[in-house]
>>> print(open('my_file.pdb').read())   # PDB, C-alpha atoms and all ligand atoms
MODEL        1
ATOM      1  CA  MET A   1     -14.658   0.930   3.681  1.00  0.00           C
ATOM      2  CA  PRO A   2     -11.183   0.622   2.117  1.00  0.00           C
ATOM      3  CA  ILE A   3     -10.149   2.892  -0.736  1.00  0.00           C
ATOM      4  CA  GLY A   4      -8.466   1.504  -3.829  1.00  0.00           C
ATOM      5  CA  TYR A   5      -7.251   2.387  -7.285  1.00  0.00           C
ATOM      6  CA  CYS A   6      -8.203   0.661 -10.547  1.00  0.00           C
ATOM      7  CA  SER A   7      -5.408   0.881 -13.116  1.00  0.00           C
ATOM      8  CA  LYS A   8      -7.838  -0.023 -15.932  1.00  0.00           C
ATOM      9  CA  CYS A   9     -10.143   2.949 -15.463  1.00  0.00           C
ATOM     10  CA  SER A  10      -7.554   5.151 -13.663  1.00  0.00           C
ATOM     11  CA  ARG A  11      -9.992   5.876 -10.875  1.00  0.00           C
ATOM     12  CA  ILE A  12     -10.118   5.700  -7.101  1.00  0.00           C
ATOM     13  CA  TRP A  13     -13.014   3.727  -5.663  1.00  0.00           C
ATOM     14  CA  SER A  14     -14.283   2.745  -2.255  1.00  0.00           C
ATOM     15  CA  GLY A  15     -14.280  -0.979  -1.634  1.00  0.00           C
ATOM     16  CA  ASN A  16     -12.128  -3.936  -2.559  1.00  0.00           C
ATOM     17  CA  ARG A  17     -13.009  -4.265  -6.243  1.00  0.00           C
ATOM     18  CA  CYS A  18     -13.613  -1.919  -9.154  1.00  0.00           C
ATOM     19  CA  PRO A  19     -17.390  -1.621  -9.672  1.00  0.00           C
ATOM     20  CA  VAL A  20     -16.782  -1.266 -13.439  1.00  0.00           C
ATOM     21  CA  HIS A  21     -14.199  -3.985 -14.065  1.00  0.00           C
ATOM     22  CA  GLY A  22     -14.504  -6.177 -10.980  1.00  0.00           C
ATOM     23  CA  ASP A  23     -10.715  -6.157 -10.652  1.00  0.00           C
ATOM     24  CA  PRO A  24      -9.057  -6.082  -7.225  1.00  0.00           C
ATOM     25  CA  LEU A  25      -8.122  -2.491  -6.427  1.00  0.00           C
ATOM     26  CA  GLU A  26      -4.630  -1.272  -5.596  1.00  0.00           C
ATOM     27  CA  THR A  27      -4.465  -0.333  -1.948  1.00  0.00           C
ATOM     28  CA  VAL A  28      -4.378   3.391  -1.187  1.00  0.00           C
ATOM     29  CA  GLY A  29      -3.509   4.932   2.153  1.00  0.00           C
ATOM     30  CA  ARG A  30      -1.196   7.093   4.212  1.00  0.00           C
ATOM     31  CA  LEU A  31       2.284   5.835   5.017  1.00  0.00           C
ATOM     32  CA  THR A  32       3.295   5.812   8.649  1.00  0.00           C
ATOM     33  CA  ILE A  33       6.339   4.231  10.264  1.00  0.00           C
ATOM     34  CA  SER A  34       6.228   2.990  13.845  1.00  0.00           C
ATOM     35  CA  GLY A  35       8.708   0.854  15.729  1.00  0.00           C
ATOM     36  CA  GLY A  36      10.644   0.003  12.576  1.00  0.00           C
ATOM     37  CA  THR A  37       7.497  -1.144  10.745  1.00  0.00           C
ATOM     38  CA  PRO A  38       5.921   0.737   7.855  1.00  0.00           C
ATOM     39  CA  PHE A  39       2.120   0.882   7.805  1.00  0.00           C
ATOM     40  CA  LEU A  40      -0.377   1.753   5.116  1.00  0.00           C
ATOM     41  CA  ASP A  41      -3.094   3.150   7.340  1.00  0.00           C
ATOM     42  CA  ASP A  42      -3.231   0.271   9.859  1.00  0.00           C
ATOM     43  CA  VAL A  43      -1.864  -2.537   7.663  1.00  0.00           C
ATOM     44  CA  PRO A  44       1.856  -3.399   7.972  1.00  0.00           C
ATOM     45  CA  LEU A  45       3.861  -3.347   4.734  1.00  0.00           C
ATOM     46  CA  ALA A  46       6.542  -5.983   4.188  1.00  0.00           C
ATOM     47  CA  ARG A  47       8.960  -7.353   1.612  1.00  0.00           C
ATOM     48  CA  ARG A  48       9.969 -10.975   1.219  1.00  0.00           C
ATOM     49  CA  GLY A  49      13.323 -11.553   2.858  1.00  0.00           C
ATOM     50  CA  PRO A  50      15.109 -11.965   6.182  1.00  0.00           C
ATOM     51  CA  ASP A  51      14.091  -8.461   7.401  1.00  0.00           C
ATOM     52  CA  PRO A  52      10.601  -7.948   5.922  1.00  0.00           C
ATOM     53  CA  PHE A  53       9.787  -4.602   7.561  1.00  0.00           C
ATOM     54  CA  GLY A  54      13.280  -3.112   7.335  1.00  0.00           C
ATOM     55  CA  GLU A  55      13.437  -4.030   3.670  1.00  0.00           C
ATOM     56  CA  ALA A  56       9.982  -2.535   3.107  1.00  0.00           C
ATOM     57  CA  ILE A  57      11.141   0.767   4.646  1.00  0.00           C
ATOM     58  CA  ALA A  58      14.272   0.726   2.467  1.00  0.00           C
ATOM     59  CA  PHE A  59      12.132  -0.049  -0.596  1.00  0.00           C
ATOM     60  CA  LEU A  60       9.766   2.849   0.162  1.00  0.00           C
ATOM     61  CA  ASN A  61      12.606   5.277   0.889  1.00  0.00           C
ATOM     62  CA  LEU A  62      14.385   4.279  -2.308  1.00  0.00           C
ATOM     63  CA  ALA A  63      11.175   5.054  -4.202  1.00  0.00           C
ATOM     64  CA  GLY A  64      11.211   8.516  -2.586  1.00  0.00           C
ATOM     65  CA  PHE A  65       8.399   8.083  -0.062  1.00  0.00           C
ATOM     66  CA  ARG A  66       8.414   9.241   3.530  1.00  0.00           C
ATOM     67  CA  GLU A  67       6.109   9.070   6.511  1.00  0.00           C
ATOM     68  CA  GLY A  68       2.883  10.973   5.933  1.00  0.00           C
ATOM     69  CA  ASP A  69       2.826  10.459   2.153  1.00  0.00           C
ATOM     70  CA  LEU A  70      -0.334   9.227   0.456  1.00  0.00           C
ATOM     71  CA  ILE A  71       0.663   6.182  -1.560  1.00  0.00           C
ATOM     72  CA  GLN A  72      -0.889   3.351  -3.521  1.00  0.00           C
ATOM     73  CA  VAL A  73       0.684  -0.059  -3.568  1.00  0.00           C
ATOM     74  CA  THR A  74       0.348  -3.309  -5.426  1.00  0.00           C
ATOM     75  CA  GLY A  75       1.206  -6.557  -3.722  1.00  0.00           C
ATOM     76  CA  MET A  76       0.009  -9.753  -2.212  1.00  0.00           C
ATOM     77  CA  GLU A  77      -1.714  -9.977   1.118  1.00  0.00           C
ATOM     78  CA  GLY A  78      -0.164 -12.476   3.480  1.00  0.00           C
ATOM     79  CA  THR A  79       0.652 -13.060   7.096  1.00  0.00           C
ATOM     80  CA  LEU A  80       3.805 -12.604   9.136  1.00  0.00           C
ATOM     81  CA  ASN A  81       3.794 -14.106  12.637  1.00  0.00           C
ATOM     82  CA  GLY A  82       0.015 -14.362  12.386  1.00  0.00           C
ATOM     83  CA  VAL A  83      -0.468 -10.695  11.453  1.00  0.00           C
ATOM     84  CA  ARG A  84      -2.078  -9.668   8.158  1.00  0.00           C
ATOM     85  CA  VAL A  85       0.411  -7.725   6.025  1.00  0.00           C
ATOM     86  CA  ILE A  86       0.818  -6.592   2.438  1.00  0.00           C
ATOM     87  CA  PHE A  87       3.937  -7.799   0.636  1.00  0.00           C
ATOM     88  CA  ILE A  88       4.475  -4.788  -1.603  1.00  0.00           C
ATOM     89  CA  GLU A  89       5.624  -5.225  -5.174  1.00  0.00           C
ATOM     90  CA  SER A  90       5.317  -1.642  -6.379  1.00  0.00           C
ATOM     91  CA  VAL A  91       4.504   1.757  -4.925  1.00  0.00           C
ATOM     92  CA  ARG A  92       3.588   5.106  -6.401  1.00  0.00           C
ATOM     93  CA  ALA A  93       2.116   8.411  -5.316  1.00  0.00           C
ATOM     94  CA  SER A  94      -1.609   8.206  -4.715  1.00  0.00           C
ATOM     95  CA  MET A  95      -4.021   9.819  -7.128  1.00  0.00           C
ATOM     96  CA  LEU A  96      -5.700  11.187  -4.011  1.00  0.00           C
ATOM     97  CA  GLU A  97      -2.760  13.495  -3.273  1.00  0.00           C
ATOM     98  CA  GLY A  98      -4.134  16.397  -5.281  1.00  0.00           C
ATOM     99  CA  ALA A  99      -7.595  16.026  -3.855  1.00  0.00           C
ATOM    100  CA  SER A 100      -6.669  16.134  -0.175  1.00  0.00           C
TER     101      SER A 100
HETATM  102 ZN    ZN B   1     -11.912  -0.143 -13.250  1.00  0.00          ZN
ENDMDL
END
>>> encode(input="my_file.pdb", output="structure tokens", more="lines below")
Ligand SMILES: [Zn+2]
Amino acid sequence: MPIGYCSKCSRIWSGNRCPVHGDPLETVGRLTISGGTPFLDDVPLARRGPDPFGEAIAFLNLAGFREGDLIQVTGMEGTLNGVRVIFIESVRASMLEGAS
């Protein structure tokens, strides 16, 4: 079961949608970097552009995040070379950080 964050009720929930609002949840997970690709748990993170994964790493580093951080992202799901990815639009520290 995925974990997500609802910005309307400022809560973390299990699942894809907020059970209160029905809104899609922001994706929450741990950042790892492998082979030049950043992952949120097992889902690759990308940015639109000629170097989607390299630009995603630069975007995350610029925002102050490093491998092992718990983060929550907003973005659009899509595919790159047939692989499901998240095109991130914003990132922030996960609300789960204090609870872990
Ligand atoms: Zn909600």
>>> resolve_selection(input="my_file.pdb", expression="the PyMOL selection byres (((not hetatm)) within 10 of (chain B and resi 1))", output="CSV table (one decimal) with C-alpha atoms, keeping the file's coordinate frame")
chain,number,residue,atom,x,y,z
A,5,TYR,CA,-7.3,2.4,-7.3
A,6,CYS,CA,-8.2,0.7,-10.5
A,7,SER,CA,-5.4,0.9,-13.1
A,8,LYS,CA,-7.8,0.0,-15.9
A,9,CYS,CA,-10.1,2.9,-15.5
A,10,SER,CA,-7.6,5.2,-13.7
A,11,ARG,CA,-10.0,5.9,-10.9
A,12,ILE,CA,-10.1,5.7,-7.1
A,13,TRP,CA,-13.0,3.7,-5.7
A,17,ARG,CA,-13.0,-4.3,-6.2
A,18,CYS,CA,-13.6,-1.9,-9.2
A,19,PRO,CA,-17.4,-1.6,-9.7
A,20,VAL,CA,-16.8,-1.3,-13.4
A,21,HIS,CA,-14.2,-4.0,-14.1
A,22,GLY,CA,-14.5,-6.2,-11.0
A,23,ASP,CA,-10.7,-6.2,-10.7
A,24,PRO,CA,-9.1,-6.1,-7.2
A,25,LEU,CA,-8.1,-2.5,-6.4
>>> closest_residue(input="my_file.pdb", among="A:Gly4, A:Gly35, A:Gly82, A:Gly68", to="Asn16 (chain A)", atoms="only C-alpha atoms")
A:Gly4
>>> residues_near_point(input="my_file.pdb", point="(0.1, 5.0, -2.6)", cutoff="10 Å", atoms="all atoms listed in the file", output="list in words")
Gly4, Tyr5, Glu26, Thr27, Val28, Gly29, Arg30, Leu31, Leu40, Phe65, Asp69, Leu70, Ile71, Gln72, Val73, Thr74, Ser90, Val91, Arg92, Ala93, Ser94, Met95, Leu96 and Glu97 of chain A
>>> residues_near_point(input="my_file.pdb", point="(-3.0, -1.9, 11.0)", cutoff="12 Å", atoms="all atoms listed in the file", output="list in words")
Gly29, Arg30, Leu31, Thr32, Ile33, Ser34, Thr37, Pro38, Phe39, Leu40, Asp41, Asp42, Val43, Pro44, Leu45, Val83, Arg84, Val85 and Ile86 of chain A
>>> resolve_selection(input="my_file.pdb", expression="the PyMOL selection byres (((chain A and resi 56) around 8) and not hetatm)", output="PDB file with C-alpha atoms, keeping the file's coordinate frame")
ATOM      1  CA  PRO A  38       5.921   0.737   7.855  1.00  0.00           C
ATOM      2  CA  LEU A  45       3.861  -3.347   4.734  1.00  0.00           C
ATOM      3  CA  ALA A  46       6.542  -5.983   4.188  1.00  0.00           C
ATOM      4  CA  ARG A  47       8.960  -7.353   1.612  1.00  0.00           C
ATOM      5  CA  PRO A  52      10.601  -7.948   5.922  1.00  0.00           C
ATOM      6  CA  PHE A  53       9.787  -4.602   7.561  1.00  0.00           C
ATOM      7  CA  GLY A  54      13.280  -3.112   7.335  1.00  0.00           C
ATOM      8  CA  GLU A  55      13.437  -4.030   3.670  1.00  0.00           C
ATOM      9  CA  ILE A  57      11.141   0.767   4.646  1.00  0.00           C
ATOM     10  CA  ALA A  58      14.272   0.726   2.467  1.00  0.00           C
ATOM     11  CA  PHE A  59      12.132  -0.049  -0.596  1.00  0.00           C
ATOM     12  CA  LEU A  60       9.766   2.849   0.162  1.00  0.00           C
ATOM     13  CA  ILE A  88       4.475  -4.788  -1.603  1.00  0.00           C
TER      14      ILE A  88
END
>>> atom_distance(input="my_file.pdb", atom1="CA of Pro50 (chain A)", atom2="CA of Thr79 (chain A)")
14.5 Å
>>> closest_residue(input="my_file.pdb", among="A:Gly64, A:Asp51, A:Gly36, A:Glu89", to="Glu77 (chain A)", atoms="all atoms listed in the file")
A:Glu89
>>> resolve_selection(input="my_file.pdb", expression="the PyMOL selection byres (((chain A and resi 14) around 6) and not hetatm)", output="MDAnalysis selection string")
chainID A and resid 2:3 13 15
>>> write_last_selection(input="my_file.pdb", atoms="C-alpha atoms", output="PDB file, in the coordinates of the input")
ATOM      1  CA  PRO A   2     -11.183   0.622   2.117  1.00  0.00           C
ATOM      2  CA  ILE A   3     -10.149   2.892  -0.736  1.00  0.00           C
ATOM      3  CA  TRP A  13     -13.014   3.727  -5.663  1.00  0.00           C
ATOM      4  CA  GLY A  15     -14.280  -0.979  -1.634  1.00  0.00           C
TER       5      GLY A  15
END
>>> build_atoms(input="my_file.pdb", residues="region 25-50 of chain A", atoms="N, CA and C atoms", output="PDB file, in the frame of the given file")
ATOM      1  N   LEU A  25      -8.666  -3.846  -6.384  1.00  0.00           N
ATOM      2  CA  LEU A  25      -8.122  -2.491  -6.427  1.00  0.00           C
ATOM      3  C   LEU A  25      -6.749  -2.439  -5.763  1.00  0.00           C
ATOM      4  N   GLU A  26      -5.888  -1.547  -6.285  1.00  0.00           N
ATOM      5  CA  GLU A  26      -4.630  -1.272  -5.596  1.00  0.00           C
ATOM      6  C   GLU A  26      -4.950  -0.572  -4.281  1.00  0.00           C
ATOM      7  N   THR A  27      -4.184  -0.881  -3.265  1.00  0.00           N
ATOM      8  CA  THR A  27      -4.465  -0.333  -1.948  1.00  0.00           C
ATOM      9  C   THR A  27      -3.912   1.080  -1.825  1.00  0.00           C
ATOM     10  N   VAL A  28      -4.742   1.984  -1.343  1.00  0.00           N
ATOM     11  CA  VAL A  28      -4.378   3.391  -1.187  1.00  0.00           C
ATOM     12  C   VAL A  28      -4.436   3.749   0.292  1.00  0.00           C
ATOM     13  N   GLY A  29      -3.466   4.503   0.764  1.00  0.00           N
ATOM     14  CA  GLY A  29      -3.509   4.932   2.153  1.00  0.00           C
ATOM     15  C   GLY A  29      -2.340   5.836   2.477  1.00  0.00           C
ATOM     16  N   ARG A  30      -2.261   6.214   3.754  1.00  0.00           N
ATOM     17  CA  ARG A  30      -1.196   7.093   4.212  1.00  0.00           C
ATOM     18  C   ARG A  30      -0.105   6.254   4.867  1.00  0.00           C
ATOM     19  N   LEU A  31       1.138   6.560   4.499  1.00  0.00           N
ATOM     20  CA  LEU A  31       2.284   5.835   5.017  1.00  0.00           C
ATOM     21  C   LEU A  31       2.670   6.363   6.391  1.00  0.00           C
ATOM     22  N   THR A  32       2.735   5.462   7.349  1.00  0.00           N
ATOM     23  CA  THR A  32       3.295   5.812   8.649  1.00  0.00           C
ATOM     24  C   THR A  32       4.350   4.761   8.985  1.00  0.00           C
ATOM     25  N   ILE A  33       5.294   5.158   9.834  1.00  0.00           N
ATOM     26  CA  ILE A  33       6.339   4.231  10.264  1.00  0.00           C
ATOM     27  C   ILE A  33       6.380   4.257  11.783  1.00  0.00           C
ATOM     28  N   SER A  34       6.281   3.081  12.387  1.00  0.00           N
ATOM     29  CA  SER A  34       6.228   2.990  13.845  1.00  0.00           C
ATOM     30  C   SER A  34       7.002   1.769  14.294  1.00  0.00           C
ATOM     31  N   GLY A  35       7.946   1.973  15.183  1.00  0.00           N
ATOM     32  CA  GLY A  35       8.708   0.854  15.729  1.00  0.00           C
ATOM     33  C   GLY A  35       9.433   0.037  14.679  1.00  0.00           C
ATOM     34  N   GLY A  36       9.909   0.704  13.619  1.00  0.00           N
ATOM     35  CA  GLY A  36      10.644   0.003  12.576  1.00  0.00           C
ATOM     36  C   GLY A  36       9.758  -0.747  11.590  1.00  0.00           C
ATOM     37  N   THR A  37       8.439  -0.507  11.667  1.00  0.00           N
ATOM     38  CA  THR A  37       7.497  -1.144  10.745  1.00  0.00           C
ATOM     39  C   THR A  37       6.748  -0.070   9.960  1.00  0.00           C
ATOM     40  N   PRO A  38       6.728  -0.205   8.637  1.00  0.00           N
ATOM     41  CA  PRO A  38       5.921   0.737   7.855  1.00  0.00           C
ATOM     42  C   PRO A  38       4.469   0.262   7.790  1.00  0.00           C
ATOM     43  N   PHE A  39       3.547   1.208   7.874  1.00  0.00           N
ATOM     44  CA  PHE A  39       2.120   0.882   7.805  1.00  0.00           C
ATOM     45  C   PHE A  39       1.463   1.683   6.694  1.00  0.00           C
ATOM     46  N   LEU A  40       0.515   1.047   6.018  1.00  0.00           N
ATOM     47  CA  LEU A  40      -0.377   1.753   5.116  1.00  0.00           C
ATOM     48  C   LEU A  40      -1.707   1.835   5.850  1.00  0.00           C
ATOM     49  N   ASP A  41      -2.031   3.034   6.344  1.00  0.00           N
ATOM     50  CA  ASP A  41      -3.094   3.150   7.340  1.00  0.00           C
ATOM     51  C   ASP A  41      -2.758   2.179   8.475  1.00  0.00           C
ATOM     52  N   ASP A  42      -3.554   1.148   8.722  1.00  0.00           N
ATOM     53  CA  ASP A  42      -3.231   0.271   9.859  1.00  0.00           C
ATOM     54  C   ASP A  42      -2.684  -1.084   9.429  1.00  0.00           C
ATOM     55  N   VAL A  43      -2.346  -1.241   8.152  1.00  0.00           N
ATOM     56  CA  VAL A  43      -1.864  -2.537   7.663  1.00  0.00           C
ATOM     57  C   VAL A  43      -0.350  -2.495   7.474  1.00  0.00           C
ATOM     58  N   PRO A  44       0.399  -3.397   8.141  1.00  0.00           N
ATOM     59  CA  PRO A  44       1.856  -3.399   7.972  1.00  0.00           C
ATOM     60  C   PRO A  44       2.244  -3.745   6.534  1.00  0.00           C
ATOM     61  N   LEU A  45       3.302  -3.077   6.059  1.00  0.00           N
ATOM     62  CA  LEU A  45       3.861  -3.347   4.734  1.00  0.00           C
ATOM     63  C   LEU A  45       5.160  -4.115   4.910  1.00  0.00           C
ATOM     64  N   ALA A  46       5.361  -5.126   4.060  1.00  0.00           N
ATOM     65  CA  ALA A  46       6.542  -5.983   4.188  1.00  0.00           C
ATOM     66  C   ALA A  46       7.104  -6.293   2.805  1.00  0.00           C
ATOM     67  N   ARG A  47       8.339  -6.795   2.815  1.00  0.00           N
ATOM     68  CA  ARG A  47       8.960  -7.353   1.612  1.00  0.00           C
ATOM     69  C   ARG A  47       9.451  -8.750   1.965  1.00  0.00           C
ATOM     70  N   ARG A  48       9.466  -9.630   0.983  1.00  0.00           N
ATOM     71  CA  ARG A  48       9.969 -10.975   1.219  1.00  0.00           C
ATOM     72  C   ARG A  48      11.466 -10.905   1.489  1.00  0.00           C
ATOM     73  N   GLY A  49      11.902 -11.555   2.546  1.00  0.00           N
ATOM     74  CA  GLY A  49      13.323 -11.553   2.858  1.00  0.00           C
ATOM     75  C   GLY A  49      13.542 -11.711   4.339  1.00  0.00           C
ATOM     76  N   PRO A  50      14.802 -11.713   4.773  1.00  0.00           N
ATOM     77  CA  PRO A  50      15.109 -11.965   6.182  1.00  0.00           C
ATOM     78  C   PRO A  50      14.665 -10.826   7.115  1.00  0.00           C
TER      79      PRO A  50
END
